[in-house]
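Next up, entry-v8.pdb (PDB, C-alpha atoms, pLDDT in the B column):
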ATOM      1  CA  MET E   1      -0.880   3.965 -14.084  1.00 45.00           C
ATOM      2  CA  ALA E   2      -3.836   6.365 -14.271  1.00 49.00           C
ATOM      3  CA  ASP E   3      -6.256   3.452 -14.560  1.00 52.00           C
ATOM      4  CA  LYS E   4      -5.316   1.916 -11.200  1.00 59.00           C
ATOM      5  CA  PRO E   5      -7.305   4.292  -8.908  1.00 58.00           C
ATOM      6  CA  LEU E   6     -10.436   3.890 -11.016  1.00 59.00           C
ATOM      7  CA  GLU E   7      -9.984   0.128 -11.145  1.00 63.00           C
ATOM      8  CA  LEU E   8      -9.452   0.012  -7.392  1.00 61.00           C
ATOM      9  CA  ASN E   9     -12.604   2.063  -6.757  1.00 62.00           C
ATOM     10  CA  ILE E  10     -14.706  -0.136  -9.046  1.00 67.00           C
ATOM     11  CA  ASN E  11     -13.449  -3.300  -7.336  1.00 74.00           C
ATOM     12  CA  MET E  12     -14.242  -1.848  -3.907  1.00 74.00           C
ATOM     13  CA  TYR E  13     -17.727  -0.874  -5.076  1.00 79.00           C
ATOM     14  CA  ASP E  14     -18.347  -4.379  -6.422  1.00 82.00           C
ATOM     15  CA  LEU E  15     -17.152  -5.894  -3.165  1.00 82.00           C
ATOM     16  CA  ALA E  16     -19.375  -3.592  -1.105  1.00 84.00           C
ATOM     17  CA  VAL E  17     -22.418  -4.419  -3.234  1.00 87.00           C
ATOM     18  CA  LYS E  18     -21.757  -8.157  -2.897  1.00 89.00           C
ATOM     19  CA  GLU E  19     -21.427  -7.883   0.873  1.00 90.00           C
ATOM     20  CA  TYR E  20     -24.618  -5.813   1.119  1.00 92.00           C
ATOM     21  CA  LYS E  21     -26.574  -8.282  -1.028  1.00 94.00           C
ATOM     22  CA  LYS E  22     -25.329 -11.168   1.109  1.00 93.00           C
ATOM     23  CA  LEU E  23     -26.448  -9.313   4.225  1.00 93.00           C
ATOM     24  CA  LEU E  24     -29.875  -8.591   2.707  1.00 94.00           C
ATOM     25  CA  ALA E  25     -30.292 -12.258   1.798  1.00 95.00           C
ATOM     26  CA  ASN E  26     -30.062 -13.134   5.489  1.00 92.00           C
ATOM     27  CA  LYS E  27     -32.076 -10.164   6.743  1.00 94.00           C
ATOM     28  CA  ASP E  28     -35.124 -12.107   7.935  1.00 92.00           C
ATOM     29  CA  LYS E  29     -33.007 -14.502   9.962  1.00 93.00           C
ATOM     30  CA  LEU E  30     -30.813 -11.722  11.409  1.00 92.00           C
ATOM     31  CA  VAL E  31     -33.704  -9.419  12.354  1.00 92.00           C
ATOM     32  CA  GLY E  32     -35.072 -12.115  14.638  1.00 91.00           C
ATOM     33  CA  GLN E  33     -31.812 -12.342  16.584  1.00 90.00           C
ATOM     34  CA  LYS E  34     -31.607  -9.718  19.323  1.00 88.00           C
ATOM     35  CA  SER E  35     -28.432  -8.574  21.046  1.00 85.00           C
ATOM     36  CA  ASP E  36     -27.870  -7.375  24.597  1.00 87.00           C
ATOM     37  CA  ASP E  37     -28.301  -3.702  23.697  1.00 88.00           C
ATOM     38  CA  GLY E  38     -31.722  -4.157  22.066  1.00 89.00           C
ATOM     39  CA  ARG E  39     -30.591  -3.991  18.464  1.00 91.00           C
ATOM     40  CA  ASN E  40     -31.042  -6.916  16.126  1.00 93.00           C
ATOM     41  CA  GLN E  41     -28.147  -8.666  14.395  1.00 93.00           C
ATOM     42  CA  PHE E  42     -29.054  -7.138  11.024  1.00 94.00           C
ATOM     43  CA  GLN E  43     -28.573  -3.616  12.413  1.00 93.00           C
ATOM     44  CA  ILE E  44     -25.275  -4.576  13.983  1.00 93.00           C
ATOM     45  CA  LYS E  45     -23.925  -6.230  10.838  1.00 93.00           C
ATOM     46  CA  LEU E  46     -25.135  -3.362   8.629  1.00 94.00           C
ATOM     47  CA  ASN E  47     -23.360  -0.800  10.809  1.00 94.00           C
ATOM     48  CA  LYS E  48     -20.218  -2.939  10.792  1.00 94.00           C
ATOM     49  CA  LEU E  49     -20.361  -3.183   6.991  1.00 92.00           C
ATOM     50  CA  LYS E  50     -20.781   0.597   6.634  1.00 92.00           C
ATOM     51  CA  LYS E  51     -17.805   1.247   8.925  1.00 94.00           C
ATOM     52  CA  ASP E  52     -15.705  -1.273   7.033  1.00 91.00           C
ATOM     53  CA  ILE E  53     -16.549   0.326   3.682  1.00 87.00           C
ATOM     54  CA  LYS E  54     -15.718   3.801   5.030  1.00 88.00           C
ATOM     55  CA  ARG E  55     -12.425   2.487   6.400  1.00 89.00           C
ATOM     56  CA  LYS E  56     -11.515   1.006   3.020  1.00 83.00           C
ATOM     57  CA  ILE E  57     -12.474   4.196   1.193  1.00 81.00           C
ATOM     58  CA  ASN E  58     -10.300   6.259   3.528  1.00 84.00           C
ATOM     59  CA  PHE E  59      -7.433   3.839   2.971  1.00 83.00           C
ATOM     60  CA  VAL E  60      -7.745   4.259  -0.806  1.00 77.00           C
ATOM     61  CA  LYS E  61      -7.949   8.053  -0.509  1.00 78.00           C
ATOM     62  CA  ASN E  62      -4.806   8.097   1.617  1.00 82.00           C
ATOM     63  CA  TYR E  63      -3.082   5.718  -0.808  1.00 77.00           C
ATOM     64  CA  LEU E  64      -3.903   7.976  -3.756  1.00 73.00           C
ATOM     65  CA  LYS E  65      -2.382  10.978  -1.966  1.00 75.00           C
ATOM     66  CA  MET E  66       1.012   9.262  -1.852  1.00 62.00           C
TER
END

Can the structure from this file be put into structure tokens for me?
Amino acid sequence: MADKPLELNINMYDLAVKEYKKLLANKDKLVGQKSDDGRNQFQIKLNKLKKDIKRKINFVKNYLKM
């Protein structure tokens, strides 16, 4: 049972790295797309990815406290 938190953290890290690499692969295309608030789509998607990763990390931390 002790291996589960470590395994869960490694899987989340791998998932985050894959998502970030996918976002970087489309960076040139996304930078050219502007939104209403002046930011480009790459900035918006990067911020969304960071928030999603933080949310998942907090979920895991709360799960491990149980």

Please evaluate the PyMOL selection byres ((chain E and resi 16) around 12) against the structure above and give the resulting residues as a PDB file with C-alpha atoms, keeping the file's coordinate frame.
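The file below, selection-v6.pdb, is the result:
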ATOM      1  CA  ASN E   9     -12.604   2.063  -6.757  1.00 62.00           C
ATOM      2  CA  ILE E  10     -14.706  -0.136  -9.046  1.00 67.00           C
ATOM      3  CA  ASN E  11     -13.449  -3.300  -7.336  1.00 74.00           C
ATOM      4  CA  MET E  12     -14.242  -1.848  -3.907  1.00 74.00           C
ATOM      5  CA  TYR E  13     -17.727  -0.874  -5.076  1.00 79.00           C
ATOM      6  CA  ASP E  14     -18.347  -4.379  -6.422  1.00 82.00           C
ATOM      7  CA  LEU E  15     -17.152  -5.894  -3.165  1.00 82.00           C
ATOM      8  CA  VAL E  17     -22.418  -4.419  -3.234  1.00 87.00           C
ATOM      9  CA  LYS E  18     -21.757  -8.157  -2.897  1.00 89.00           C
ATOM     10  CA  GLU E  19     -21.427  -7.883   0.873  1.00 90.00           C
ATOM     11  CA  TYR E  20     -24.618  -5.813   1.119  1.00 92.00           C
ATOM     12  CA  LYS E  21     -26.574  -8.282  -1.028  1.00 94.00           C
ATOM     13  CA  LYS E  22     -25.329 -11.168   1.109  1.00 93.00           C
ATOM     14  CA  LEU E  23     -26.448  -9.313   4.225  1.00 93.00           C
ATOM     15  CA  LEU E  46     -25.135  -3.362   8.629  1.00 94.00           C
ATOM     16  CA  LYS E  48     -20.218  -2.939  10.792  1.00 94.00           C
ATOM     17  CA  LEU E  49     -20.361  -3.183   6.991  1.00 92.00           C
ATOM     18  CA  LYS E  50     -20.781   0.597   6.634  1.00 92.00           C
ATOM     19  CA  LYS E  51     -17.805   1.247   8.925  1.00 94.00           C
ATOM     20  CA  ASP E  52     -15.705  -1.273   7.033  1.00 91.00           C
ATOM     21  CA  ILE E  53     -16.549   0.326   3.682  1.00 87.00           C
ATOM     22  CA  LYS E  54     -15.718   3.801   5.030  1.00 88.00           C
ATOM     23  CA  ARG E  55     -12.425   2.487   6.400  1.00 89.00           C
ATOM     24  CA  LYS E  56     -11.515   1.006   3.020  1.00 83.00           C
ATOM     25  CA  ILE E  57     -12.474   4.196   1.193  1.00 81.00           C
TER      26      ILE E  57
END

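If you apply the PyMOL selection byres ((chain E and resi 31) around 8) to this structure, you end up with Lys27, Asp28, Lys29, Leu30, Gly32, Gln33, Lys34, Asn40, Gln41, Phe42 and Gln43 of chain E.
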
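If you measure from each of E:Lys45, E:Arg39, E:Lys65, E:Val60 to Asn26 in chain E using only C-alpha atoms, the closest one turns out to be E:Lys45.
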
How big is the axis-aligned box, and where does its centre sit, when it encloses all atoms of range 11-25 of chain E listed in the file and has 8 Å added on every side, reported in Å to one decimal as lines of an AutoDock Vina configuration file?
center_x = -21.9
center_y = -6.6
center_z = -1.6
size_x = 32.8
size_y = 27.4
size_z = 27.6
